[in-house]
Structures are given as structure tokens and as C-alpha cells.
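Trainee: Attaching a single structure in C-alpha cells format; questions to follow.
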Amino acid sequence: MTDLDVPVLVVGGSLVGLSTSVLLASAGVPHLLVERHRGTAVHPRAASFHQRTMEIFRSAGLQSAVEAAAEKEFEQNGAIVSVESLAAAETKYFFRNFNEGVEQLSPTARLFITQIGLEPLLRAAAEERGAEHRYATELVSVEQDDDGVTSVIRGRDGGGEETVRSQYLVAADGAHSHVRQLSGIEMTGRGAFADCVTIYFRADMRELIGDRNLSVVYINHPELLGFFRFSITGDSGFLAVFSTTEPDGTRDTHVAADMDPARCEELVRKALGRADIPVQIETVQRWSAAAAWASRFQDRRVFLAGDAAHVMPPTGGFGGNTGVADAHNLAWKLALVLQGTATPRLLDTYDAERRPVSSMTVEQAYTRYVLRVDPSLPKDDMAPPMDDASIELGAVLRSAAVLGDDDGDDGAVVADPRAPGGRSGTRAPHLVVDVDGTPASVLDVFGSGFVLLAGPGGQAWCDAAAQVSTDLQAPLVAHRVAPDGSLVDRERAFPALYGTGEVGAVVVRPDGVVAWRATAAPPDPRAEVDRVLRRLLFR
């Protein structure tokens, strides 16, 4: 007997599960989310959010709310530095400010907000849009057949077990994913290399911080390696400790084994560089620094997202952002398949697109760990460091849901977002345009379906798109981007930025990825647009 029947079951109600829920609900997809914990995050993890993640929240109408919540927690756009201790005079800068050099790449900015500040916003937004969430509810079992997924869930406060029948299941249940284990999916990569702790404490650090706006402070002390984050008031924060050094010079990467309050206070004072500052320990969270990813992100109707699919050290702040990108890639595909607009073959592109990007990002986080935190780790097979903007905004996707253009494929994992060009498989670049007389970003027209953007001389593409959308009953809208177009491009920047020339066009997917590009007008634009859209919908 089935107690509940829903199109999608989301397992996990933290950052990635809630992001999945918001995006599914925004697309009108009914679903149930279950989470074994009794509420959203209680530890302020994943404090760094990148421009691409903020673009995703912007597309869901949440940018202003997230920014307002962030301002309450941290001073924004601060420096990322390395010091021996907070009191030390010598400072090495990784970033003078967090948005240094990327201000023009996006209508959004990188920011700092904890999961404590963010997750309640996501939960409320998803529930307002019709999502059903059940916290204090754990997953017992999962079984698949050709037509769907049967899961058994159980409330932690009694009430017995219930059977949930869903067409698809999204596993966002963390690094120790029960769903991944039940699916028999193994992890690959470097595994764990340190047993770490995060010490949450209260101390008056205002004198030490002074007038410096410090977002992340790496501590390279002779006796410990870690990093600080401080509250906006300067009287509380956390210290993540990666390793300590014993009196005999040996390095201990298993610091989680001995963390009584006195030891925690000692480590915080060493990292502060002042033994006279009173320190009050509030809580200690144990975790592993690891670099690994799942050998596959999909098992038929089950999809892995977030830490269930990949784990990485916190250096670079890529973990949570990569998980939100997973949710963004998957949600629109589930929506189109469940609506009958696309065939289920579209879902097979999730693994093909997300696993290579995720493994690259895991390796880049490991590289930063070695270079910023622990130079004793192996470097012989370490990936050369890429610049952060390319990792955050420049991923190149390759799958059957991306139609290559005539420029060929150089095989690069990322493209420089500072010189975009609009190639297939990359994020559609930001461009300031006027929409209905109001300045906006061209990114703001993406999200609910496919979008065709044509150059100034591309009206025939727009006419063809309108006809094909009606013929196929598929979500496709078109805009001519020009000084006199429906998207007003006063500087005529679009043709070069997107590589279309004056009469070409691109088709952009609901997730803001360029799916196809033409640099010339064909004899029959309607036939070409029909061909492209059928291929993208696998019809």
C-alpha cells in the first residue's frame, strides 16, 4: 500500500535539499522533502556564496532577501588573508576584497551568509510556493522499478512508517548519504586526509580586528593550521582547526580526538595571538577534510546532489555552491520531463554535465588546501590552480543537451568568464539591457523555459521561435537584442559578447546555459529552430 504519491521525493533538508525544493516549487513541481533533523542548520557552515549561486537565488526572486540577511551577520566584501595569528603584524592577502576583479561579470556579488541565516529563507520560500517539508523524518529504505521509486519514511517522534511512491528521488542527504549507500554508488578521489574541528566561541576581538574588514583569516601558526570567521559585532566567531603540531615537531591531523574545553580555549588563544583575552567555548563540531566525488551521480530514477555527490575541503568555499549548482541543473530537467515537454532522456544528461564539473572543483579545493593550509600533502598529482572566477562562472558543460557550434571544442573544463563569447555549454554572459524601459540583466529573462536571443538583424529567428513554440507546445520565447529590440542593448555589445554576429542567435536553457549558437541566418530559420528545440527536448 502507498501512503503518499508525489512526483519527486527530496531526501535532505539542508542547503542543497532546500535549494532543490525552491527551484522545483518555482517550476510548479509538487514534491515532498524529508529531513531527519528537527529543523534547519544549527551550525553556521557554508558562509561563502559565489556569484553564480547568487544568480540562481536571483532567478528565484530571493536575491534581496538573502543580501539583507547576510548584512545582519557579516561585514561584506572583506579581505581573505593569511596570518600567523590575528595579532600578528605581517599579513598575506589572497583577496583585498571578496569581489575584487569580478564586479562586472554578474548582476550579483559574492557574499557571506551562514546556513543558519540562509536556510530558513529557503524553507519559507519553498513552502510559500507549495512545497511540503517534513523535518524529524528519516528515510528507512528505497526501492526502484521501471515506473518509479518506493521509499519508506519514519517520523522520529512516532507515528509509524509510511510508504512514499515517487517518479524520481533527489538525494541531498549529505556526505554520509544513506541513499547513495543504498544505491551502491562508490566514492572516488583522494578520500579523507584530516579529522578537523570547528570551535564556536565568544571573545572580544574588536581591538585585534580594528578597522580591518576581514572575511576569512587563515591561521598559519607554528602550532596549528586553520581559519577564522568573525561575527559582525566582533565578539563571537568560529575557528576551524585542520591540524596541530606537537612539541616534538610531529603534525597531528586528527585533532578531533582531543577537544575538551580547555584544549579548545588554548587553540583559540593561540590563533588570536593573545593569551589574556577571555574565551568562552560554545560548541565544537567534528568533521573530515576530504576530496572525493561519486562514481556516478545517477542511478536510474535516483539523483545525487550536494555532499551526497561530492565532498571537498572548505578552502575556496566551493562545497555549498557546487551543491546549489547541482540543484539548479537538475530541477528544470525534472520539471520539463514531469510536464511531458521533454522525454526522460533529458535526465541522463545530469551526470554527464555535473560529474566532470564537480570533480574539477573538488580538485581545485584540494589544491587550495595544499597551498593555503597544508604544504606537506602530496603535490605530484595536484591540479594546477585555476582562478576563482573561472571555476565559479566558467564551467563548460558537455552532454546531449548541449549542441556544439562550428567553432569546435578545445576540451577545456572552464572558459574565462572575462572573455565569454557565448559558446555552447557555457553560462550565458551578463549584459545590461533595458527590459520594458527598466535597466536589468539579460540573465533576468532566463529561468522558466528556453530563450532565443537574436542579434540586431535576427528578427527572422524570433518569428521562427514563436511559430515553433506553438507547434511543439514547448516553452520558448525570443528576444531581439539591439538598440531597438525587445531587449534594448544601447551599446550594441550583444553580437560580440555572445558570438552571434549581427544576424546570428543563441538558445539558452532554463538554467542559463547556452545550448546552441548560430552565427549566420539559414535559408529556413523555422526548420532550424524546430530541429534545435526537438533535440534539446529529446523529442
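Ordering of the C-alpha cells sets the chain letters (A, B, ...); residue numbers start at 1 within each chain; ligands are numbered from 1 in the order shown.
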List the neighbours of Gly174 (chain A) out to 8 Å using only C-alpha atoms; skip same-chain residues closer than 3 positions along the sequence, and give me the result as JSON, numbers by chain.
Mentor: {"A": [12, 177, 306, 307, 308]}
Trainee: Create the file for the chosen residues now, containing N, CA and C atoms and written as a compact mmCIF listing (two decimals), in the first residue's frame.
Mentor:
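Saved the output as selection-v6.txt:
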# COMPACT_ATOMS: atom_id res chain seq x y z
N GLY A 12 16.70 15.13 2.37
CA GLY A 12 17.69 16.07 2.87
C GLY A 12 17.13 17.48 2.86
N SER A 177 25.63 9.95 2.83
CA SER A 177 24.33 9.72 2.21
C SER A 177 23.85 8.28 2.33
N GLY A 306 24.79 17.73 -4.08
CA GLY A 306 25.48 18.26 -2.91
C GLY A 306 26.51 17.30 -2.36
N ASP A 307 26.65 17.29 -1.03
CA ASP A 307 27.66 16.44 -0.39
C ASP A 307 27.41 14.96 -0.63
N ALA A 308 26.21 14.58 -0.96
CA ALA A 308 25.95 13.18 -1.32
C ALA A 308 26.71 12.80 -2.58
Trainee: Can you check which parts of region 19-114 of chain A lie within 10 Å of region 494-514 of chain A? Per residue, the shortest pair of atoms and distance in Å to one decimal, counting only C-alpha atoms, sorted by chain and number, as a Markdown table.
Mentor:
| residue | atom | partner | partner_atom | distance |
| --- | --- | --- | --- | --- |
| A:Glu55 | CA | A:Gly512 | CA | 9.6 |
| A:Ile56 | CA | A:Asp511 | CA | 8.3 |
| A:Ser59 | CA | A:Asp511 | CA | 9.3 |
Trainee: Could you list, as a PyMOL selection string, every residue within 9 Å of Val142 (chain A), counting only C-alpha atoms and ignoring same-chain residues fewer than 5 positions away?
Mentor: chain A and resi 149-152+179+182-183
Trainee: For the residues in that selection, give me all heavy atoms as a compact mmCIF listing (two decimals), in the first residue's frame.
Mentor:
# COMPACT_ATOMS: atom_id res chain seq x y z
N VAL A 149 9.89 5.05 -7.87
CA VAL A 149 10.68 4.79 -6.67
C VAL A 149 9.73 4.62 -5.49
O VAL A 149 8.82 5.43 -5.30
CB VAL A 149 11.66 5.93 -6.39
CG1 VAL A 149 12.56 5.60 -5.20
CG2 VAL A 149 12.51 6.27 -7.62
N THR A 150 9.94 3.57 -4.72
CA THR A 150 9.16 3.35 -3.50
C THR A 150 10.08 3.53 -2.30
O THR A 150 11.08 2.83 -2.17
CB THR A 150 8.55 1.95 -3.47
OG1 THR A 150 7.69 1.77 -4.61
CG2 THR A 150 7.73 1.75 -2.21
N SER A 151 9.76 4.49 -1.45
CA SER A 151 10.57 4.80 -0.28
C SER A 151 9.73 4.62 0.98
O SER A 151 8.53 4.88 0.98
CB SER A 151 11.09 6.23 -0.34
OG SER A 151 11.79 6.48 -1.55
N VAL A 152 10.37 4.20 2.03
CA VAL A 152 9.73 4.11 3.34
C VAL A 152 10.34 5.18 4.23
O VAL A 152 11.57 5.29 4.34
CB VAL A 152 9.92 2.71 3.97
CG1 VAL A 152 9.32 2.69 5.38
CG2 VAL A 152 9.26 1.65 3.09
N VAL A 179 21.06 7.30 0.96
CA VAL A 179 20.57 6.94 -0.37
C VAL A 179 21.71 6.46 -1.26
O VAL A 179 21.57 5.47 -2.00
CB VAL A 179 19.87 8.14 -1.03
CG1 VAL A 179 19.43 7.80 -2.45
CG2 VAL A 179 18.66 8.56 -0.21
N LEU A 182 22.52 2.95 -0.25
CA LEU A 182 21.50 2.00 -0.70
C LEU A 182 21.58 1.76 -2.21
O LEU A 182 21.24 0.68 -2.69
CB LEU A 182 20.11 2.52 -0.33
CG LEU A 182 19.77 2.55 1.17
CD1 LEU A 182 18.43 3.25 1.38
CD2 LEU A 182 19.73 1.14 1.74
N SER A 183 22.04 2.78 -2.95
CA SER A 183 22.16 2.66 -4.40
C SER A 183 23.45 1.98 -4.83
O SER A 183 23.65 1.71 -6.02
CB SER A 183 22.07 4.05 -5.05
OG SER A 183 20.83 4.66 -4.78
Trainee: Pick out the residues sitting within 6 Å of region 395-402 of chain A, and hand them over as a list in words; count only C-alpha atoms, and ignore anything fewer than 2 positions along from it in its own chain.
Mentor: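 Selected residues are Thr349, Ala352, Glu353, Val413, Val414, Gly425, Thr426, Ala515 and Leu536 of chain A.
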Trainee: Show which residues sit within 9 Å of Arg52 (chain A), as a list in words. Count only C-alpha atoms, and ignore same-chain residues fewer than 6 positions away.
Mentor: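 That gives Ser106, Thr108, Ala109, Arg110, Asn321, Ala325, Glu392 and Leu393 of chain A.
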Trainee: Write to file, as a PDB file, in the first residue's frame, the residues of the selection just made, with C-alpha atoms.
Mentor:
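File again_20.pdb, as written:
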ATOM      1  CA  SER A 106      27.356  39.465 -12.903  1.00  0.00           C
ATOM      2  CA  THR A 108      25.129  39.850  -8.249  1.00  0.00           C
ATOM      3  CA  ALA A 109      28.049  39.911  -5.816  1.00  0.00           C
ATOM      4  CA  ARG A 110      29.775  37.270  -3.772  1.00  0.00           C
ATOM      5  CA  ASN A 321      27.997  26.466  -4.119  1.00  0.00           C
ATOM      6  CA  ALA A 325      24.583  24.263  -8.941  1.00  0.00           C
ATOM      7  CA  GLU A 392      32.651  29.876 -10.286  1.00  0.00           C
ATOM      8  CA  LEU A 393      31.345  31.197 -13.615  1.00  0.00           C
TER       9      LEU A 393
END
Trainee: Which residue out of A:Arg355, A:Ala412, A:Arg190, A:His430 has the minimum interatomic distance to Phe446 (chain A) when only C-alpha atoms are used?
Mentor: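 Comparing A:Arg355, A:Ala412, A:Arg190, A:His430 against Phe446 (chain A), the winner is A:His430.
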Trainee: Can you pull out every residue from region 33-154 of chain A that DSSP, working from the backbone, puts in alpha helix (DSSP H), and format the result as a ChimeraX atom specification?
Mentor: /A:51-59,63-73,115-128
Trainee: Save the residues we just selected, N, CA and C atoms, as a short mmCIF file (atom, residue, chain, number, x, y, z; two decimals), in the first residue's frame?
Mentor:
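Output file part09.cif is given in full below:
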data_model
loop_
_atom_site.label_atom_id
_atom_site.label_comp_id
_atom_site.auth_asym_id
_atom_site.auth_seq_id
_atom_site.Cartn_x
_atom_site.Cartn_y
_atom_site.Cartn_z
N GLN A 51 29.02 34.26 -7.03
CA GLN A 51 28.11 34.99 -7.91
C GLN A 51 27.12 34.07 -8.61
N ARG A 52 27.58 32.91 -9.06
CA ARG A 52 26.66 32.01 -9.77
C ARG A 52 25.54 31.55 -8.85
N THR A 53 25.87 31.26 -7.60
CA THR A 53 24.83 30.87 -6.65
C THR A 53 23.86 32.02 -6.41
N MET A 54 24.39 33.23 -6.30
CA MET A 54 23.52 34.38 -6.09
C MET A 54 22.65 34.63 -7.33
N GLU A 55 23.17 34.32 -8.52
CA GLU A 55 22.33 34.43 -9.73
C GLU A 55 21.17 33.45 -9.67
N ILE A 56 21.42 32.26 -9.14
CA ILE A 56 20.35 31.27 -9.00
C ILE A 56 19.30 31.76 -8.01
N PHE A 57 19.75 32.30 -6.88
CA PHE A 57 18.79 32.85 -5.92
C PHE A 57 18.05 34.05 -6.52
N ARG A 58 18.74 34.84 -7.34
CA ARG A 58 18.09 35.97 -8.01
C ARG A 58 16.98 35.48 -8.93
N SER A 59 17.25 34.38 -9.66
CA SER A 59 16.25 33.85 -10.58
C SER A 59 15.01 33.36 -9.84
N GLN A 63 17.19 37.23 -4.18
CA GLN A 63 18.46 37.94 -4.02
C GLN A 63 18.38 38.99 -2.91
N SER A 64 17.37 39.83 -2.92
CA SER A 64 17.28 40.91 -1.93
C SER A 64 17.17 40.36 -0.52
N ALA A 65 16.37 39.30 -0.34
CA ALA A 65 16.20 38.72 1.00
C ALA A 65 17.49 38.11 1.50
N VAL A 66 18.23 37.43 0.61
CA VAL A 66 19.50 36.83 1.01
C VAL A 66 20.51 37.91 1.36
N GLU A 67 20.59 38.96 0.55
CA GLU A 67 21.53 40.04 0.83
C GLU A 67 21.21 40.73 2.15
N ALA A 68 19.93 40.95 2.42
CA ALA A 68 19.54 41.60 3.68
C ALA A 68 19.91 40.73 4.88
N ALA A 69 19.70 39.43 4.77
CA ALA A 69 20.06 38.52 5.86
C ALA A 69 21.57 38.48 6.06
N ALA A 70 22.31 38.51 4.95
CA ALA A 70 23.78 38.47 5.03
C ALA A 70 24.32 39.69 5.75
N GLU A 71 23.73 40.86 5.48
CA GLU A 71 24.20 42.09 6.10
C GLU A 71 24.06 42.06 7.62
N LYS A 72 23.12 41.26 8.11
CA LYS A 72 22.92 41.17 9.56
C LYS A 72 23.99 40.31 10.23
N GLU A 73 24.65 39.45 9.44
CA GLU A 73 25.59 38.51 10.03
C GLU A 73 27.05 38.94 9.90
N GLN A 115 24.58 29.15 6.93
CA GLN A 115 23.40 28.34 6.68
C GLN A 115 22.31 28.62 7.71
N ILE A 116 22.70 29.06 8.90
CA ILE A 116 21.70 29.46 9.89
C ILE A 116 20.88 30.64 9.38
N GLY A 117 21.54 31.57 8.69
CA GLY A 117 20.83 32.72 8.16
C GLY A 117 20.09 32.44 6.88
N LEU A 118 20.62 31.51 6.05
CA LEU A 118 20.07 31.27 4.72
C LEU A 118 18.96 30.23 4.68
N GLU A 119 19.15 29.12 5.39
CA GLU A 119 18.22 28.00 5.23
C GLU A 119 16.77 28.34 5.60
N PRO A 120 16.52 29.10 6.67
CA PRO A 120 15.12 29.46 6.94
C PRO A 120 14.48 30.25 5.80
N LEU A 121 15.26 31.09 5.11
CA LEU A 121 14.72 31.82 3.96
C LEU A 121 14.31 30.85 2.85
N LEU A 122 15.18 29.89 2.57
CA LEU A 122 14.87 28.92 1.52
C LEU A 122 13.67 28.07 1.89
N ARG A 123 13.62 27.65 3.15
CA ARG A 123 12.50 26.81 3.59
C ARG A 123 11.18 27.56 3.45
N ALA A 124 11.17 28.82 3.89
CA ALA A 124 9.93 29.60 3.82
C ALA A 124 9.53 29.84 2.36
N ALA A 125 10.51 30.14 1.51
CA ALA A 125 10.20 30.41 0.10
C ALA A 125 9.61 29.18 -0.57
N ALA A 126 10.17 28.01 -0.30
CA ALA A 126 9.68 26.78 -0.91
C ALA A 126 8.26 26.46 -0.42
N GLU A 127 8.03 26.59 0.88
CA GLU A 127 6.70 26.28 1.42
C GLU A 127 5.65 27.28 0.94
N GLU A 128 6.04 28.54 0.79
CA GLU A 128 5.10 29.54 0.26
C GLU A 128 4.67 29.20 -1.17
#
Trainee: If we count only C-alpha atoms, what is near Met205 (chain A) at a cut-off of 12 Å, once residues fewer than 4 positions away on the same chain are taken out, given as a list in words?
Mentor: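 Residues near the query, excluding close chain neighbours: Leu86, Ala87, Phe201, Ile209, Gly210, Asp211, Arg212, Phe228, Arg229, Phe230, Ser231, Ile232, Thr233, Gly234, Asp235, Ser236, Gly237, Phe238, Val268, Arg269, Ala271, Leu272, Gly273, Arg274, Asp276, Ile277, Pro278 and Val279 of chain A.
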Trainee: Calculate how many Å separate CA of Arg202 (chain A) from CA of Ala256 (chain A), rounding to one decimal.
Mentor: 20.0 Å
Trainee: Go through A:Arg517, A:His310, A:His479, A:His221 one by one, measure the shortest atom-to-atom distance of each to Val529 (chain A) using only C-alpha atoms, and give the residue with the smallest value.
Mentor: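 When distances to Val529 (chain A) are compared using only C-alpha atoms, the smallest one comes from A:Arg517.
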Trainee: Do you know which residues are at most 7 Å from Leu225 (chain A) counting only C-alpha atoms, after dropping those on the same chain fewer than 2 positions away, and could you put them as a list in words?
Mentor: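 My list of contacting residues is Ile219, Asn220, His221, Val241, Phe242, Ser243, Thr244 and Val373 of chain A.
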Trainee: Next, write the just-selected residues to a file, as an mmCIF file, in the first residue's frame, keeping all heavy atoms as the atom set.
Mentor:
data_model
loop_
_atom_site.group_PDB
_atom_site.id
_atom_site.type_symbol
_atom_site.label_atom_id
_atom_site.label_comp_id
_atom_site.auth_asym_id
_atom_site.auth_seq_id
_atom_site.Cartn_x
_atom_site.Cartn_y
_atom_site.Cartn_z
ATOM 1 N N ILE A 219 44.940 30.875 9.481
ATOM 2 C CA ILE A 219 45.934 30.888 10.551
ATOM 3 C C ILE A 219 47.019 29.863 10.224
ATOM 4 O O ILE A 219 46.756 28.663 10.156
ATOM 5 C CB ILE A 219 45.296 30.563 11.916
ATOM 6 C CG1 ILE A 219 44.196 31.576 12.249
ATOM 7 C CG2 ILE A 219 46.366 30.523 13.004
ATOM 8 C CD1 ILE A 219 44.680 32.999 12.408
ATOM 9 N N ASN A 220 48.229 30.372 9.993
ATOM 10 C CA ASN A 220 49.389 29.504 9.792
ATOM 11 C C ASN A 220 50.341 29.706 10.966
ATOM 12 O O ASN A 220 51.405 30.321 10.857
ATOM 13 C CB ASN A 220 50.071 29.832 8.461
ATOM 14 C CG ASN A 220 49.362 29.186 7.292
ATOM 15 O OD1 ASN A 220 49.568 28.018 6.996
ATOM 16 N ND2 ASN A 220 48.505 29.968 6.638
ATOM 17 N N HIS A 221 49.918 29.214 12.108
ATOM 18 C CA HIS A 221 50.666 29.319 13.364
ATOM 19 C C HIS A 221 51.608 28.126 13.478
ATOM 20 O O HIS A 221 51.290 27.036 12.981
ATOM 21 C CB HIS A 221 49.675 29.341 14.536
ATOM 22 C CG HIS A 221 50.278 29.673 15.855
ATOM 23 N ND1 HIS A 221 50.924 28.735 16.636
ATOM 24 C CD2 HIS A 221 50.320 30.843 16.562
ATOM 25 C CE1 HIS A 221 51.334 29.298 17.751
ATOM 26 N NE2 HIS A 221 50.980 30.586 17.728
ATOM 27 N N VAL A 241 39.941 24.192 12.830
ATOM 28 C CA VAL A 241 41.311 23.720 13.039
ATOM 29 C C VAL A 241 41.543 22.487 12.179
ATOM 30 O O VAL A 241 40.870 21.469 12.329
ATOM 31 C CB VAL A 241 41.575 23.392 14.524
ATOM 32 C CG1 VAL A 241 43.021 22.945 14.715
ATOM 33 C CG2 VAL A 241 41.266 24.600 15.400
ATOM 34 N N PHE A 242 42.509 22.587 11.253
ATOM 35 C CA PHE A 242 42.834 21.474 10.362
ATOM 36 C C PHE A 242 43.855 20.529 10.986
ATOM 37 O O PHE A 242 43.786 19.318 10.812
ATOM 38 C CB PHE A 242 43.393 22.004 9.043
ATOM 39 C CG PHE A 242 42.453 22.907 8.302
ATOM 40 C CD1 PHE A 242 42.861 24.168 7.911
ATOM 41 C CD2 PHE A 242 41.167 22.512 7.994
ATOM 42 C CE1 PHE A 242 42.008 25.007 7.210
ATOM 43 C CE2 PHE A 242 40.306 23.346 7.298
ATOM 44 C CZ PHE A 242 40.723 24.599 6.910
ATOM 45 N N SER A 243 44.848 21.092 11.669
ATOM 46 C CA SER A 243 45.898 20.262 12.258
ATOM 47 C C SER A 243 46.616 21.056 13.337
ATOM 48 O O SER A 243 46.534 22.291 13.384
ATOM 49 C CB SER A 243 46.901 19.809 11.194
ATOM 50 O OG SER A 243 47.617 20.917 10.666
ATOM 51 N N THR A 244 47.324 20.334 14.200
ATOM 52 C CA THR A 244 48.156 20.944 15.234
ATOM 53 C C THR A 244 49.549 20.333 15.155
ATOM 54 O O THR A 244 49.757 19.289 14.526
ATOM 55 C CB THR A 244 47.564 20.717 16.635
ATOM 56 O OG1 THR A 244 47.442 19.308 16.871
ATOM 57 C CG2 THR A 244 46.194 21.374 16.766
ATOM 58 N N VAL A 373 47.006 25.762 3.341
ATOM 59 C CA VAL A 373 46.871 25.185 4.674
ATOM 60 C C VAL A 373 47.954 24.165 4.986
ATOM 61 O O VAL A 373 48.618 24.246 6.020
ATOM 62 C CB VAL A 373 45.476 24.530 4.841
ATOM 63 C CG1 VAL A 373 45.381 23.796 6.172
ATOM 64 C CG2 VAL A 373 44.381 25.580 4.730
#
Trainee: So how far away is CA of Ser448 (chain A) from CA of Asp489 (chain A), in Å?
Mentor: 22.1 Å
Trainee: Have a look at CA of Thr438 (chain A) and CA of Ser486 (chain A) and let me know their distance in Å, one decimal.
Mentor: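 Atom-to-atom, CA of Thr438 (chain A) to CA of Ser486 (chain A), that is 11.7 Å.
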Trainee: Give the strand (DSSP E) residues of region 282-334 of chain A, as assigned by DSSP on the backbone, as a PyMOL selection string.
Mentor: chain A and resi 282-294+298-299+302-304+310-311
Trainee: For the interface of region 323-420 of chain A with region 19-37 of chain A (cut-off 12 Å, counting only C-alpha atoms), please tabulate each contacting residue of region 323-420 of chain A alongside its nearest pair of atoms and their separation in Å to one decimal, rows sorted by chain and increasing number, as CSV.
Mentor:
residue,atom,partner,partner_atom,distance
A:Gly323,CA,A:Ser19,CA,8.8
A:Val324,CA,A:Ser19,CA,6.3
A:Ala325,CA,A:Ser19,CA,9.3
A:Asp326,CA,A:Thr20,CA,8.5
A:Ala327,CA,A:Thr20,CA,4.9
A:His328,CA,A:Leu23,CA,7.0
A:Asn329,CA,A:Thr20,CA,9.6
A:Leu330,CA,A:Thr20,CA,8.2
A:Ala331,CA,A:Leu24,CA,5.6
A:Trp332,CA,A:Ala27,CA,7.3
A:Lys333,CA,A:Leu24,CA,9.9
A:Leu334,CA,A:Leu24,CA,8.1
A:Ala335,CA,A:Val29,CA,6.1
A:Leu336,CA,A:Ala27,CA,9.0
A:Val337,CA,A:Val29,CA,10.5
A:Leu338,CA,A:Val29,CA,7.9
A:Gln339,CA,A:Val29,CA,8.5
Trainee: Go through A:Ala474, A:Ala440, A:Ala428, A:Ala294 one by one, measure the shortest atom-to-atom distance of each to Gly184 (chain A) using only C-alpha atoms, and give the residue with the smallest value.
Mentor: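 The answer is A:Ala294, which sits nearest to Gly184 (chain A).
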Trainee: Given the choices A:Val433, A:Thr40, A:Thr245, A:Asp444, which gets closest to Ala493 (chain A) if the distance is worked out from only C-alpha atoms?
Mentor: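 Closest to Ala493 (chain A), using only C-alpha atoms: A:Val433.
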Trainee: Hey, which of A:Gln167, A:Ser376, A:Ser288, A:Thr519 ends up closest to Cys196 (chain A)? Count only C-alpha atoms.
Mentor: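 Once distances to Cys196 (chain A) are computed over only C-alpha atoms, the minimum belongs to A:Ser288.
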